[in-house]
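> Supplied structure: my_file_9.cif, mmCIF, C-alpha atoms.
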```cif
data_protein
#
loop_
_atom_site.label_atom_id
_atom_site.label_comp_id
_atom_site.auth_asym_id
_atom_site.auth_seq_id
_atom_site.Cartn_x
_atom_site.Cartn_y
_atom_site.Cartn_z
CA MET A 1081 -93.00 -47.72 -68.16
CA GLN A 1082 -94.83 -50.97 -68.63
CA SER A 1083 -93.26 -54.35 -69.24
CA ILE A 1084 -94.73 -56.21 -72.17
CA CYS A 1085 -94.19 -59.37 -74.20
CA VAL A 1086 -92.93 -58.92 -77.74
CA GLU A 1087 -96.22 -60.11 -79.30
CA ASP A 1088 -98.32 -57.52 -77.43
CA ALA A 1089 -95.74 -54.81 -78.01
CA VAL A 1090 -96.04 -55.19 -81.77
CA ALA A 1091 -99.78 -55.88 -81.75
CA GLN A 1092 -100.43 -52.24 -80.82
CA ILE A 1093 -98.63 -50.98 -83.94
CA PRO A 1094 -101.20 -50.40 -86.70
CA ALA A 1095 -100.60 -50.98 -90.39
CA GLY A 1096 -99.46 -47.75 -92.01
CA ALA A 1097 -97.58 -46.58 -88.92
CA THR A 1098 -94.43 -44.47 -89.04
CA ILE A 1099 -91.75 -46.34 -87.13
CA ALA A 1100 -88.26 -45.16 -86.24
CA ILE A 1101 -85.90 -48.10 -85.74
CA GLY A 1102 -82.46 -47.97 -84.15
CA GLY A 1103 -79.38 -49.52 -85.68
CA PHE A 1104 -76.59 -49.02 -88.16
CA LEU A 1105 -76.43 -51.89 -90.66
CA ALA A 1106 -78.48 -53.84 -88.09
CA VAL A 1107 -75.96 -53.24 -85.28
CA GLY A 1108 -78.18 -51.94 -82.49
CA THR A 1109 -81.44 -52.94 -84.20
CA PRO A 1110 -84.08 -54.70 -82.04
CA GLU A 1111 -84.24 -57.90 -84.10
CA ARG A 1112 -86.98 -59.42 -81.91
CA LEU A 1113 -89.32 -56.54 -82.63
CA VAL A 1114 -88.48 -56.61 -86.35
CA ASP A 1115 -89.11 -60.37 -86.49
CA GLU A 1116 -92.44 -59.87 -84.76
CA LEU A 1117 -93.44 -57.11 -87.21
CA VAL A 1118 -92.80 -59.64 -89.98
CA ARG A 1119 -94.65 -62.43 -88.17
CA GLN A 1120 -97.70 -60.23 -87.61
CA GLY A 1121 -97.48 -58.93 -91.18
CA LYS A 1122 -97.67 -55.23 -90.29
CA SER A 1123 -97.80 -53.56 -93.70
CA HIS A 1124 -97.66 -50.17 -95.43
CA LEU A 1125 -95.07 -48.98 -92.93
CA THR A 1126 -92.97 -45.85 -93.12
CA ILE A 1127 -89.53 -46.54 -91.65
CA ILE A 1128 -87.15 -43.89 -90.35
CA ALA A 1129 -83.68 -45.34 -89.83
CA ASN A 1130 -80.06 -44.94 -90.80
CA ASP A 1131 -80.19 -47.60 -93.52
CA THR A 1132 -82.06 -50.70 -94.71
CA ALA A 1133 -79.27 -53.08 -93.63
CA ARG A 1134 -78.68 -56.22 -95.67
CA PRO A 1135 -81.29 -58.78 -96.74
CA GLY A 1136 -81.95 -61.10 -93.81
CA THR A 1137 -80.77 -58.68 -91.12
CA GLY A 1138 -82.55 -55.91 -89.21
CA ILE A 1139 -84.70 -53.65 -91.37
CA GLY A 1140 -83.72 -55.76 -94.39
CA LYS A 1141 -86.25 -58.34 -93.15
CA LEU A 1142 -89.07 -55.79 -93.42
CA ILE A 1143 -87.97 -54.89 -96.95
CA THR A 1144 -87.82 -58.55 -98.02
CA ALA A 1145 -91.31 -59.13 -96.58
CA ARG A 1146 -92.56 -56.10 -98.60
CA LEU A 1147 -94.07 -54.50 -95.52
CA VAL A 1148 -92.62 -51.06 -96.21
CA ASP A 1149 -94.11 -48.35 -98.43
CA ARG A 1150 -91.60 -45.64 -97.62
CA VAL A 1151 -88.18 -45.33 -96.02
CA ILE A 1152 -86.39 -42.20 -94.82
CA VAL A 1153 -82.74 -43.30 -94.63
CA SER A 1154 -79.20 -42.23 -95.49
CA HIS A 1155 -77.99 -45.38 -97.20
CA ILE A 1156 -79.44 -48.36 -99.07
CA GLY A 1157 -76.27 -49.52 -100.82
CA LEU A 1158 -75.94 -52.88 -99.07
CA ASN A 1159 -79.51 -53.98 -99.70
CA PRO A 1160 -80.15 -54.79 -103.39
CA GLU A 1161 -83.81 -55.56 -102.58
CA THR A 1162 -84.36 -51.95 -101.46
CA GLN A 1163 -82.88 -50.81 -104.76
CA GLN A 1164 -85.05 -53.22 -106.76
CA GLN A 1165 -88.27 -52.18 -104.99
CA MET A 1166 -87.33 -48.52 -105.43
CA MET A 1167 -86.64 -48.95 -109.17
CA ALA A 1168 -89.91 -50.92 -109.52
CA GLY A 1169 -91.77 -48.03 -107.89
CA THR A 1170 -93.20 -50.08 -105.01
CA LEU A 1171 -90.99 -48.49 -102.34
CA ALA A 1172 -90.49 -44.74 -101.91
CA VAL A 1173 -86.98 -43.90 -100.74
CA GLU A 1174 -86.15 -40.50 -99.27
CA LEU A 1175 -82.37 -40.32 -99.03
CA VAL A 1176 -81.15 -37.96 -96.33
CA PRO A 1177 -77.50 -37.18 -95.53
CA GLN A 1178 -76.68 -39.12 -92.37
CA GLY A 1179 -75.83 -36.10 -90.25
CA THR A 1180 -78.97 -34.31 -91.44
CA LEU A 1181 -81.05 -37.38 -90.61
CA ALA A 1182 -79.62 -37.47 -87.08
CA GLU A 1183 -80.35 -33.78 -86.61
CA ARG A 1184 -83.87 -33.93 -88.08
CA ILE A 1185 -84.70 -36.73 -85.63
CA ARG A 1186 -83.00 -34.88 -82.77
CA ALA A 1187 -85.01 -31.76 -83.63
CA GLY A 1188 -88.19 -33.84 -83.65
CA GLY A 1189 -87.47 -35.08 -80.15
CA TYR A 1190 -86.20 -31.81 -78.75
CA GLY A 1191 -89.15 -29.61 -79.62
CA LEU A 1192 -87.51 -27.87 -82.56
CA GLY A 1193 -89.09 -27.25 -85.94
CA GLY A 1194 -85.93 -28.18 -87.80
CA VAL A 1195 -82.26 -27.37 -88.20
CA LEU A 1196 -80.07 -25.28 -90.50
CA THR A 1197 -77.28 -27.30 -92.09
CA PRO A 1198 -74.75 -26.52 -94.83
CA THR A 1199 -74.87 -30.18 -95.88
CA GLY A 1200 -76.63 -30.64 -99.21
CA VAL A 1201 -76.47 -27.01 -100.39
CA GLY A 1202 -76.15 -26.98 -104.18
CA THR A 1203 -76.94 -30.71 -104.53
CA ARG A 1204 -80.07 -32.72 -105.30
CA VAL A 1205 -80.76 -32.74 -101.56
CA GLU A 1206 -81.61 -29.04 -101.79
CA GLU A 1207 -84.58 -29.59 -104.13
CA GLY A 1208 -87.78 -28.22 -102.63
CA LYS A 1209 -86.06 -26.83 -99.55
CA GLN A 1210 -85.65 -23.33 -98.23
CA ARG A 1211 -82.17 -21.81 -98.39
CA LEU A 1212 -81.23 -19.37 -95.62
CA GLU A 1213 -78.17 -17.19 -95.21
CA VAL A 1214 -77.00 -16.70 -91.62
CA ASN A 1215 -73.86 -14.70 -90.81
CA GLY A 1216 -72.74 -14.95 -94.42
CA ARG A 1217 -73.03 -18.72 -94.73
CA VAL A 1218 -75.69 -20.57 -96.70
CA TYR A 1219 -77.77 -23.29 -95.04
CA LEU A 1220 -80.70 -25.53 -95.87
CA LEU A 1221 -83.73 -25.59 -93.61
CA GLU A 1222 -84.22 -29.26 -92.80
CA VAL A 1223 -87.47 -29.93 -90.98
CA ALA A 1224 -87.88 -32.10 -87.89
CA LEU A 1225 -88.84 -35.77 -88.10
CA GLN A 1226 -91.09 -37.60 -85.67
CA ALA A 1227 -92.45 -41.13 -85.55
CA ASP A 1228 -95.49 -42.89 -84.12
CA PHE A 1229 -93.28 -45.58 -82.61
CA ALA A 1230 -89.58 -45.89 -81.82
CA LEU A 1231 -88.15 -49.39 -81.61
CA ILE A 1232 -85.03 -49.33 -79.46
CA GLN A 1233 -82.30 -51.84 -78.78
CA ALA A 1234 -80.42 -51.14 -75.54
CA PHE A 1235 -77.64 -53.07 -73.87
CA ALA A 1236 -79.19 -52.85 -70.41
CA ALA A 1237 -82.50 -51.64 -69.03
CA ASP A 1238 -83.44 -51.42 -65.37
CA TYR A 1239 -86.89 -52.22 -63.99
CA LEU A 1240 -87.94 -48.59 -64.43
CA GLY A 1241 -86.85 -48.45 -68.08
CA ASN A 1242 -83.60 -46.51 -67.79
CA LEU A 1243 -81.50 -47.52 -70.80
CA THR A 1244 -77.82 -47.73 -71.53
CA TYR A 1245 -76.03 -48.74 -74.71
CA VAL A 1246 -72.65 -50.17 -75.66
CA LEU A 1247 -70.04 -49.65 -78.34
CA THR A 1248 -71.35 -48.86 -81.82
CA ALA A 1249 -74.84 -50.20 -81.04
CA ARG A 1250 -75.86 -46.79 -79.67
CA ASN A 1251 -76.04 -44.89 -83.00
CA PHE A 1252 -79.61 -43.64 -83.62
CA ASN A 1253 -81.26 -45.35 -80.61
CA PRO A 1254 -81.10 -42.49 -78.08
CA LEU A 1255 -82.16 -40.01 -80.79
CA ILE A 1256 -85.27 -41.87 -81.92
CA ALA A 1257 -86.24 -42.56 -78.29
CA MET A 1258 -86.89 -38.83 -77.92
CA ALA A 1259 -88.76 -38.42 -81.22
CA ALA A 1260 -91.65 -40.90 -81.06
CA LYS A 1261 -95.07 -40.90 -79.43
CA THR A 1262 -94.59 -44.45 -78.18
CA VAL A 1263 -91.20 -45.91 -77.30
CA ILE A 1264 -90.75 -49.68 -77.19
CA ALA A 1265 -87.39 -50.90 -75.95
CA CYS A 1266 -85.63 -54.23 -75.97
CA ALA A 1267 -82.53 -54.79 -73.85
CA LYS A 1268 -79.93 -57.52 -73.84
CA HIS A 1269 -79.91 -57.38 -70.05
CA ILE A 1270 -82.74 -56.35 -67.73
CA VAL A 1271 -81.23 -55.47 -64.35
CA PRO A 1272 -82.57 -54.31 -60.99
CA THR A 1273 -83.17 -50.59 -60.65
CA GLY A 1274 -80.06 -48.90 -59.34
CA LEU A 1275 -77.58 -51.16 -61.10
CA ILE A 1276 -77.21 -48.68 -63.95
CA SER A 1277 -75.38 -45.74 -62.44
CA PRO A 1278 -77.21 -42.43 -62.99
CA ASP A 1279 -74.23 -41.15 -64.96
CA HIS A 1280 -74.46 -44.13 -67.30
CA VAL A 1281 -78.15 -43.80 -68.09
CA VAL A 1282 -78.39 -42.50 -71.68
CA THR A 1283 -82.16 -42.72 -72.20
CA PRO A 1284 -84.02 -41.80 -68.99
CA ALA A 1285 -86.87 -44.07 -67.87
CA PRO A 1286 -89.76 -41.59 -68.31
CA ILE A 1287 -89.08 -41.57 -72.07
CA VAL A 1288 -89.64 -45.33 -72.37
CA ASP A 1289 -93.24 -46.53 -72.63
CA TYR A 1290 -92.72 -50.27 -72.96
CA LEU A 1291 -89.88 -52.60 -72.08
CA VAL A 1292 -90.06 -55.95 -73.85
CA THR A 1293 -89.54 -58.70 -71.28
CA ASN A 1294 -86.89 -61.24 -72.07
CA PRO A 1295 -88.09 -64.68 -73.17
CA MET B 351 -47.75 -53.33 -105.36
CA ASN B 352 -51.37 -53.37 -106.53
CA ALA B 353 -53.24 -50.13 -107.22
CA PRO B 354 -55.32 -49.95 -104.00
CA THR B 355 -52.23 -50.59 -101.86
CA LEU B 356 -50.26 -47.93 -103.72
CA ILE B 357 -53.03 -45.37 -103.29
CA ALA B 358 -53.54 -46.19 -99.61
CA ARG B 359 -49.81 -46.02 -98.85
CA ARG B 360 -49.46 -42.67 -100.58
CA ILE B 361 -52.41 -41.18 -98.68
CA ALA B 362 -51.08 -42.54 -95.37
CA ARG B 363 -48.13 -40.19 -95.81
CA GLU B 364 -50.56 -37.27 -95.39
CA LEU B 365 -51.34 -38.33 -91.80
CA ARG B 366 -49.95 -36.27 -88.91
CA SER B 367 -49.95 -37.09 -85.21
CA GLY B 368 -53.04 -35.93 -83.35
CA MET B 369 -55.31 -35.84 -86.39
CA LEU B 370 -58.91 -37.06 -86.17
CA VAL B 371 -59.41 -38.98 -89.41
CA ASN B 372 -62.48 -40.52 -91.03
CA LEU B 373 -61.92 -43.18 -93.69
CA GLY B 374 -64.61 -44.17 -96.18
CA ILE B 375 -65.35 -47.70 -97.34
CA GLY B 376 -63.14 -49.46 -99.92
CA ILE B 377 -59.67 -48.17 -100.78
CA PRO B 378 -59.90 -45.44 -98.09
CA THR B 379 -60.23 -48.09 -95.37
CA LEU B 380 -56.84 -49.52 -96.41
CA VAL B 381 -55.10 -46.28 -95.39
CA ALA B 382 -55.31 -47.44 -91.75
CA ASN B 383 -52.96 -50.32 -92.59
CA TYR B 384 -50.10 -47.98 -93.57
CA VAL B 385 -49.96 -45.34 -90.83
CA PRO B 386 -46.28 -44.36 -90.64
CA GLU B 387 -44.36 -45.39 -87.54
CA ARG B 388 -44.48 -42.83 -84.73
CA VAL B 389 -47.53 -41.12 -86.26
CA LYS B 390 -50.49 -41.47 -83.87
CA VAL B 391 -53.89 -40.55 -85.27
CA PHE B 392 -57.45 -41.12 -84.10
CA PHE B 393 -59.67 -42.90 -86.60
CA GLN B 394 -63.38 -42.13 -86.42
CA SER B 395 -66.12 -44.46 -87.62
CA GLU B 396 -69.26 -42.41 -88.19
CA ASN B 397 -71.44 -45.11 -86.64
CA GLY B 398 -70.18 -43.77 -83.34
CA LEU B 399 -66.55 -44.54 -82.53
CA ILE B 400 -63.25 -42.72 -82.14
CA GLY B 401 -60.26 -45.00 -81.71
CA THR B 402 -61.17 -47.56 -84.35
CA GLY B 403 -58.58 -50.34 -84.36
CA ALA B 404 -57.72 -53.25 -86.62
CA VAL B 405 -60.03 -56.11 -87.52
CA PRO B 406 -59.93 -58.57 -84.59
CA GLU B 407 -58.48 -62.06 -84.78
CA GLU B 408 -60.71 -64.89 -85.91
CA GLY B 409 -63.25 -65.70 -83.22
CA MET B 410 -62.70 -62.45 -81.32
CA ALA B 411 -65.20 -60.23 -83.16
CA GLU B 412 -67.79 -58.38 -81.04
CA PRO B 413 -71.00 -57.98 -83.10
CA LEU B 414 -71.77 -54.63 -81.45
CA LEU B 415 -68.41 -53.11 -82.43
CA THR B 416 -68.09 -52.44 -86.15
CA ASP B 417 -66.88 -49.79 -88.54
CA ALA B 418 -69.30 -47.84 -90.73
CA GLY B 419 -69.23 -50.64 -93.31
CA GLY B 420 -70.44 -53.15 -90.74
CA THR B 421 -67.06 -54.89 -90.48
CA PRO B 422 -66.11 -55.96 -86.94
CA VAL B 423 -63.25 -53.85 -85.62
CA THR B 424 -61.44 -53.35 -82.34
CA ALA B 425 -61.38 -50.24 -80.15
CA LEU B 426 -57.96 -48.98 -79.14
CA PRO B 427 -57.14 -47.89 -75.58
CA GLY B 428 -58.51 -44.37 -75.23
CA ALA B 429 -61.39 -45.02 -77.63
CA SER B 430 -64.78 -43.36 -77.15
CA THR B 431 -68.28 -44.17 -78.35
CA PHE B 432 -71.21 -41.84 -78.95
CA ASP B 433 -74.52 -41.49 -80.75
CA SER B 434 -74.99 -40.45 -84.38
CA ALA B 435 -75.74 -36.79 -83.54
CA VAL B 436 -72.39 -36.45 -81.74
CA SER B 437 -70.67 -38.35 -84.52
CA PHE B 438 -71.93 -35.93 -87.16
CA GLY B 439 -71.38 -32.96 -84.88
CA LEU B 440 -67.73 -33.99 -84.99
CA ILE B 441 -67.89 -34.18 -88.78
CA ARG B 442 -70.01 -31.15 -89.64
CA GLY B 443 -68.57 -29.05 -86.85
CA GLY B 444 -65.08 -29.04 -88.33
CA HIS B 445 -63.56 -31.33 -85.68
CA VAL B 446 -62.49 -33.99 -88.20
CA ASP B 447 -59.09 -33.01 -89.60
CA LEU B 448 -59.09 -35.30 -92.62
CA THR B 449 -61.49 -37.53 -94.48
CA VAL B 450 -60.55 -39.98 -97.23
CA LEU B 451 -63.39 -40.93 -99.56
CA GLY B 452 -63.99 -42.89 -102.73
CA ALA B 453 -65.35 -41.21 -105.87
CA LEU B 454 -67.34 -41.97 -108.99
CA GLN B 455 -66.18 -38.73 -110.65
CA VAL B 456 -64.14 -35.63 -109.83
CA ASP B 457 -64.30 -32.57 -112.06
CA GLN B 458 -61.39 -30.31 -113.00
CA ALA B 459 -62.25 -27.84 -110.25
CA GLY B 460 -62.27 -30.63 -107.63
CA HIS B 461 -66.01 -31.18 -107.27
CA LEU B 462 -66.91 -34.69 -106.19
CA ALA B 463 -69.68 -37.09 -107.23
CA ASN B 464 -69.83 -40.25 -105.15
CA TRP B 465 -73.34 -41.16 -104.08
CA MET B 466 -75.49 -42.22 -107.01
CA ILE B 467 -75.70 -43.12 -110.69
CA PRO B 468 -79.25 -42.09 -111.63
CA GLY B 469 -81.40 -44.98 -112.77
CA ARG B 470 -78.66 -47.53 -112.25
CA MET B 471 -77.09 -47.53 -108.80
CA VAL B 472 -78.35 -45.50 -105.86
CA PRO B 473 -76.46 -46.45 -102.72
CA GLY B 474 -77.26 -43.14 -101.03
CA MET B 475 -74.93 -40.56 -99.61
CA GLY B 476 -74.63 -42.02 -96.13
CA GLY B 477 -72.20 -39.69 -94.38
CA ALA B 478 -70.39 -38.49 -97.51
CA MET B 479 -72.17 -35.13 -97.94
CA ASP B 480 -71.59 -34.18 -94.31
CA LEU B 481 -67.96 -35.30 -94.49
CA VAL B 482 -67.18 -33.27 -97.60
CA CYS B 483 -69.02 -30.29 -96.12
CA GLY B 484 -67.38 -30.36 -92.71
CA ALA B 485 -64.01 -32.11 -92.68
CA ARG B 486 -61.04 -29.75 -92.67
CA ARG B 487 -59.31 -31.64 -95.47
CA VAL B 488 -60.82 -33.98 -98.07
CA ILE B 489 -58.75 -36.52 -100.00
CA VAL B 490 -60.21 -38.74 -102.71
CA ALA B 491 -58.82 -42.25 -103.06
CA MET B 492 -59.84 -43.92 -106.30
CA LEU B 493 -58.71 -45.83 -109.36
CA HIS B 494 -57.91 -43.38 -112.15
CA THR B 495 -60.46 -44.87 -114.56
CA ALA B 496 -63.57 -47.07 -114.38
CA LYS B 497 -63.85 -49.73 -117.10
CA GLY B 498 -61.40 -47.65 -119.15
CA GLU B 499 -63.44 -44.46 -118.80
CA PRO B 500 -61.76 -41.45 -117.17
CA LYS B 501 -63.15 -40.51 -113.76
CA ILE B 502 -61.46 -37.11 -113.69
CA VAL B 503 -63.67 -35.16 -116.06
CA PRO B 504 -64.19 -31.59 -117.33
CA ALA B 505 -67.67 -31.43 -115.76
CA LEU B 506 -69.56 -33.90 -113.58
CA THR B 507 -72.24 -35.94 -115.33
CA LEU B 508 -73.28 -37.54 -112.01
CA PRO B 509 -75.01 -35.79 -109.07
CA LEU B 510 -72.78 -33.56 -106.97
CA THR B 511 -71.89 -34.51 -103.38
CA ALA B 512 -71.13 -30.98 -102.11
CA LEU B 513 -70.30 -27.49 -103.37
CA ARG B 514 -67.01 -27.68 -101.46
CA THR B 515 -64.19 -29.04 -103.60
CA VAL B 516 -61.77 -31.77 -102.58
CA ASP B 517 -58.18 -30.97 -101.65
CA LEU B 518 -56.33 -33.90 -103.17
CA VAL B 519 -57.03 -36.83 -105.48
CA VAL B 520 -54.75 -39.86 -105.27
CA THR B 521 -54.96 -42.58 -107.92
CA GLU B 522 -52.60 -45.32 -109.05
CA LEU B 523 -51.44 -42.96 -111.84
CA ALA B 524 -51.34 -39.53 -110.25
CA VAL B 525 -51.61 -37.18 -107.31
CA ILE B 526 -53.70 -34.15 -108.24
CA ALA B 527 -54.49 -30.98 -106.26
CA PHE B 528 -56.79 -28.06 -107.13
CA PRO B 529 -55.04 -24.75 -106.42
CA ASP B 530 -57.16 -21.82 -107.69
CA GLY B 531 -59.85 -24.31 -108.70
CA ARG B 532 -57.75 -25.97 -111.42
CA ALA B 533 -56.67 -29.61 -111.50
CA THR B 534 -52.89 -29.64 -111.17
CA LEU B 535 -50.69 -32.70 -111.42
CA LEU B 536 -48.38 -32.95 -108.39
CA GLU B 537 -46.94 -36.45 -108.72
CA ARG B 538 -47.06 -39.36 -111.11
CA GLY B 539 -47.36 -43.05 -110.25
CA PRO B 540 -44.28 -45.28 -110.20
CA GLY B 541 -43.16 -45.82 -113.82
CA ILE B 542 -46.07 -43.76 -115.17
CA SER B 543 -45.39 -41.21 -117.91
CA LEU B 544 -47.11 -37.86 -118.37
CA SER B 545 -48.69 -39.12 -121.58
CA ASP B 546 -50.14 -42.14 -119.70
CA ILE B 547 -51.80 -39.75 -117.27
CA LYS B 548 -53.07 -37.41 -120.02
CA ALA B 549 -54.56 -40.34 -121.92
CA ALA B 550 -56.47 -41.52 -118.84
CA THR B 551 -57.71 -38.06 -117.79
CA ALA B 552 -60.58 -36.26 -119.52
CA ALA B 553 -60.24 -33.07 -117.47
CA GLU B 554 -57.88 -30.28 -118.39
CA LEU B 555 -54.81 -30.89 -116.27
CA ILE B 556 -52.16 -28.34 -115.42
CA ILE B 557 -48.79 -30.02 -115.68
CA PRO B 558 -45.88 -28.21 -114.00
CA ASP B 559 -42.33 -28.51 -115.38
CA ASP B 560 -41.29 -30.92 -112.68
CA VAL B 561 -43.67 -33.76 -111.77
CA PRO B 562 -41.86 -36.18 -109.46
CA GLU B 563 -42.74 -39.85 -109.10
CA MET B 564 -44.82 -40.55 -106.02
CA TRP B 565 -43.18 -42.29 -103.10
CA PRO B 566 -45.73 -44.61 -101.63
#
```
For the file at hand, write its structure as structure tokens.

Amino acid sequence: MQSICVEDAVAQIPAGATIAIGGFLAVGTPERLVDELVRQGKSHLTIIANDTARPGTGIGKLITARLVDRVIVSHIGLNPETQQQMMAGTLAVELVPQGTLAERIRAGGYGLGGVLTPTGVGTRVEEGKQRLEVNGRVYLLEVALQADFALIQAFAADYLGNLTYVLTARNFNPLIAMAAKTVIACAKHIVPTGLISPDHVVTPAPIVDYLVTNP
Amino acid sequence: MNAPTLIARRIARELRSGMLVNLGIGIPTLVANYVPERVKVFFQSENGLIGTGAVPEEGMAEPLLTDAGGTPVTALPGASTFDSAVSFGLIRGGHVDLTVLGALQVDQAGHLANWMIPGRMVPGMGGAMDLVCGARRVIVAMLHTAKGEPKIVPALTLPLTALRTVDLVVTELAVIAFPDGRATLLERGPGISLSDIKAATAAELIIPDDVPEMWP
């Protein structure tokens, strides 16, 4: 793990990158990294996340700045700008059931090719997917998702990069941390190594490539 | 009593102690306000919480503790938090006893449409498809009609949420179940006549001899 300032952390992300971003309606989203993506004008991004938040918060800022070509998310209902850009044809939206999204990301990080889920069978979600019957029950084959970068918001990080989360700000963060080539983490608190008890570490340090130093 | 309150109070009577319950956004959320005395349930928020409590007092909200609609909530003693894979493992794995969801349409067999109106409004399914697939019991909480148009229809015209049918629909006019895949009127709203319900329902409705008034 390497400590890095937010400007340099984002500078290494190329235009057109696929970025997984933690958060659920911006709760648990690394706002500093999102703001820096906007400031540096990183464009043509593919975003993997639970949702596109609301305008002015979290991933909503990337949508407003028109930096995103494609999103893979479960929900866009609270961001009218996502809907407008989708209807106008400037933003591709792949809607994925939330549990399927979590599992596709988990599979991507855990070395699996995909998962079998009953969710979506017989609905529009099934279109173009393989149907498999196992032990008499029908499932969809949902393929794994991986990203070039994962942008994580933790509650605390130690000097090695061990991460822990709080309350409902955990959500997709530990999942995407496993599923990206490069993991960039922000933490509300950076604490000396050893202060996070081993049992409370959720994302182990070797997974984290960069920890954004606090201002 | 306004319609959402009536619906929420009626559904709250379906709660039993020990249940793990997931409430959707809108009218379903109101159910938490009417849990009967002595009934102790666990509410799950799919953003990663079991033990969801009431909205905190003014000035006491913690931004990192919200329900799945982003509203600040409290966590009750005994609450637990987890990531989204665990949260949907609970849902898909059959560990959630009851979910209460909103609907755009329900057909006469109990199929649900609640995630998009093509070309007009596409909020996305969020957790709804997993919830309908995996929860042990599914109750729909909705107004009986939308802009005067029936929402309980012979066949869905909007995209399906899941092949699995819902167990109960509660509106301000009626309580409807789907035994043998056929919409059956169980109760009528306070002061509501059978002809009121028929007029507001497009689906074929089985009406037993005795249809009591609902007790919210």
> Assuming the chain letters and numbering stay as they are in my file, what does the PyMOL selection byres ((chain A and resi 1200-1211) around 10) actually select? List them as number ranges by chain.
A: 1174-1177, 1180, 1196-1199, 1212-1214, 1218-1223; B: 475, 479-480, 482-483, 509-514
> Determine, for each residue of chain A having at least one atom at most 9 Å from an atom of chain B, the closest pair of atoms and their separation in Å to one decimal, counting only C-alpha atoms; order by chain and ascending number, as a Markdown table.

```
| residue | atom | partner | partner_atom | distance |
| --- | --- | --- | --- | --- |
| A:Phe1104 | CA | B:Asn397 | CA | 6.6 |
| A:Leu1105 | CA | B:Gly420 | CA | 6.1 |
| A:Ala1106 | CA | B:Gly420 | CA | 8.5 |
| A:Val1107 | CA | B:Leu414 | CA | 5.8 |
| A:Gly1108 | CA | B:Leu414 | CA | 7.0 |
| A:Asn1130 | CA | B:Gly476 | CA | 8.1 |
| A:Asp1131 | CA | B:Gly476 | CA | 8.3 |
| A:Val1153 | CA | B:Gly476 | CA | 8.3 |
| A:Ser1154 | CA | B:Gly476 | CA | 4.6 |
| A:His1155 | CA | B:Gly474 | CA | 4.5 |
| A:Ile1156 | CA | B:Pro473 | CA | 5.1 |
| A:Gly1157 | CA | B:Pro473 | CA | 3.6 |
| A:Leu1158 | CA | B:Pro473 | CA | 7.4 |
| A:Asn1159 | CA | B:Pro473 | CA | 8.7 |
| A:Gln1163 | CA | B:Val472 | CA | 7.1 |
| A:Met1167 | CA | B:Gly469 | CA | 7.5 |
| A:Leu1175 | CA | B:Gly474 | CA | 6.2 |
| A:Val1176 | CA | B:Met475 | CA | 7.5 |
| A:Pro1177 | CA | B:Gly476 | CA | 5.7 |
| A:Gln1178 | CA | B:Gly477 | CA | 4.9 |
| A:Gly1179 | CA | B:Phe438 | CA | 5.0 |
| A:Thr1180 | CA | B:Asp480 | CA | 7.9 |
| A:Leu1181 | CA | B:Ala435 | CA | 8.9 |
| A:Ala1182 | CA | B:Ala435 | CA | 5.3 |
| A:Glu1183 | CA | B:Ala435 | CA | 6.3 |
| A:Arg1186 | CA | B:Ala435 | CA | 7.5 |
| A:Thr1197 | CA | B:Arg442 | CA | 8.6 |
| A:Pro1198 | CA | B:Cys483 | CA | 7.0 |
| A:Thr1199 | CA | B:Asp480 | CA | 5.4 |
| A:Gly1200 | CA | B:Ala512 | CA | 6.2 |
| A:Val1201 | CA | B:Leu513 | CA | 6.9 |
| A:Gly1202 | CA | B:Leu513 | CA | 5.9 |
| A:Thr1203 | CA | B:Leu510 | CA | 5.6 |
| A:Arg1204 | CA | B:Pro509 | CA | 7.0 |
| A:Val1246 | CA | B:Leu414 | CA | 7.4 |
| A:Leu1247 | CA | B:Leu415 | CA | 5.6 |
| A:Thr1248 | CA | B:Leu415 | CA | 5.2 |
| A:Ala1249 | CA | B:Leu414 | CA | 5.4 |
| A:Arg1250 | CA | B:Asp433 | CA | 5.6 |
| A:Asn1251 | CA | B:Asp433 | CA | 4.4 |
| A:Phe1252 | CA | B:Ser434 | CA | 5.7 |
| A:Asn1253 | CA | B:Asp433 | CA | 7.8 |
| A:Pro1254 | CA | B:Asp433 | CA | 7.2 |
| A:Leu1255 | CA | B:Ala435 | CA | 7.7 |
```
> Select, from B:Leu544, B:Ala453, B:Ile502, B:Ala491, the residue with the minimum atom-to-atom distance to B:Val520, counting all atoms listed in the file.
B:Ala491
> Determine the residue membership of the PyMOL selection byres ((chain A and resi 1260) around 10) for the file above and supply it as a list in words.
Thr1098, Ile1099, Ala1100, Ile1185, Gly1188, Gly1189, Leu1225, Gln1226, Ala1227, Asp1228, Phe1229, Ala1230, Leu1231, Leu1255, Ile1256, Ala1257, Met1258, Ala1259, Lys1261, Thr1262, Val1263, Ile1264, Ile1287 and Val1288 of chain A
> Find the residues with any atom within 12 Å of (-42.9, -33.3, -113.0); use all atoms listed in the file and the coordinates as given in the file, and write the answer as a VMD selection string.
chain B and resid 524 to 526 534 to 539 542 to 545 547 556 to 564
> List the neighbours of B:Ile375 out to 9 Å using all atoms listed in the file; skip same-chain residues closer than 3 positions along the sequence, and give me the result as a PyMOL selection string.
chain B and resi 378-380+418-419+451-452
> Could you check how far atom CA of B:Leu454 sits from atom CA of B:Thr515, in Å to one decimal?
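Going from atom CA of B:Leu454 over to atom CA of B:Thr515, I get 14.4 Å.
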> Residues picked by the PyMOL selection byres ((chain B and resi 406) around 6) here, as a ChimeraX atom specification?
/B:405,407,410-411,423-424
> Could you tell me how far atom CA of A:Ala1091 lies from atom CA of A:Ala1145, in Å and to one decimal?
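These two atoms are separated by 17.4 Å.
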